[in-house]
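Scroll down for the structure; my scribbles are underneath it.
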Amino acid sequence: MQQLYGTVFIPEAVYRELTDPSFPIAGSTEVQTFDWIETCAVINRTLVDSLSDELDIGEAEAIALAVEMQVD
């Protein structure tokens, strides 16, 4: 991913999901140690709340962060 995108931004909810000690998952060590993965706060909580009606909070924040960052 680093070779394709350089820096990878993830929302805080995704970080929390990946690093939850009670639910170990692949990628938990990487998001905590790789310097090219950055955690960002989502500003538009209204969009997150709206998306959360249909999606997991991590997915909702990922979409909201992508909209905020105006990514392709």
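Letters A, B, ... go to the chains of the structure tokens in the order shown; residues in each chain start at 1; ligands are counted from 1 in the same order.
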
For Ala13 in chain A, find every residue with an atom within 12 Å (counting only C-alpha atoms), except residues of its own chain fewer than 6 positions away, and show them as a short mmCIF file (atom, residue, chain, number, x, y, z; two decimals) with C-alpha atoms, in the first residue's frame.
data_model
loop_
_atom_site.label_atom_id
_atom_site.label_comp_id
_atom_site.auth_asym_id
_atom_site.auth_seq_id
_atom_site.Cartn_x
_atom_site.Cartn_y
_atom_site.Cartn_z
CA THR A 19 -6.09 -2.15 17.95
CA ASP A 20 -8.83 -3.40 20.28
CA THR A 39 -4.73 8.33 12.04
CA CYS A 40 -6.98 11.32 11.40
CA ALA A 41 -9.98 12.73 13.23
CA VAL A 42 -13.17 13.09 11.20
CA VAL A 48 -20.72 9.93 10.17
CA SER A 52 -23.81 4.89 10.74
CA ASP A 56 -20.25 0.11 10.80
CA ILE A 57 -18.70 3.14 12.55
CA GLY A 58 -15.28 2.43 11.00
CA GLU A 59 -16.75 2.30 7.51
CA ALA A 60 -18.80 5.45 8.14
CA GLU A 61 -15.74 7.36 9.36
CA ALA A 62 -13.64 6.09 6.44
CA ILE A 63 -16.17 7.42 3.94
CA ALA A 64 -16.52 10.73 5.81
CA LEU A 65 -12.73 11.13 5.95
#

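All residues in chain A with a DSSP state of strand (DSSP E or B), computed from the backbone, read Val8, Phe9, Ile10, Pro11, Ile37, Glu38, Thr39 and Cys40 of chain A.
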
With C-alpha atoms kept, could you save the residues just selected as an mmCIF file, in the first residue's frame?
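Once written, part.cif looks like this:
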data_model
loop_
_atom_site.group_PDB
_atom_site.id
_atom_site.type_symbol
_atom_site.label_atom_id
_atom_site.label_comp_id
_atom_site.auth_asym_id
_atom_site.auth_seq_id
_atom_site.Cartn_x
_atom_site.Cartn_y
_atom_site.Cartn_z
ATOM 1 C CA VAL A 8 -2.355 5.963 4.118
ATOM 2 C CA PHE A 9 -4.850 7.855 6.288
ATOM 3 C CA ILE A 10 -7.287 5.993 8.507
ATOM 4 C CA PRO A 11 -10.000 7.443 10.744
ATOM 5 C CA ILE A 37 -0.131 4.968 8.271
ATOM 6 C CA GLU A 38 -1.618 8.068 9.894
ATOM 7 C CA THR A 39 -4.727 8.328 12.038
ATOM 8 C CA CYS A 40 -6.981 11.323 11.403
#

Counting only C-alpha atoms, the option among A:Ser22, A:Glu30, A:Thr7, A:Glu68 closest to Asn44 in chain A:
A:Glu68

Excluding Gly27 in chain A and any residue of its chain fewer than 5 positions from it, enumerate the residues within 10 Å of it, using only C-alpha atoms, and give them as a list in words.
Tyr15, Leu18, Thr19 and Gln32 of chain A

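Interatomic distance, CA of Leu4 in chain A against CA of Val71 in chain A: 14.2 Å.
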
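Interatomic distance, CA of Gln2 in chain A against CA of Val31 in chain A: 12.3 Å.
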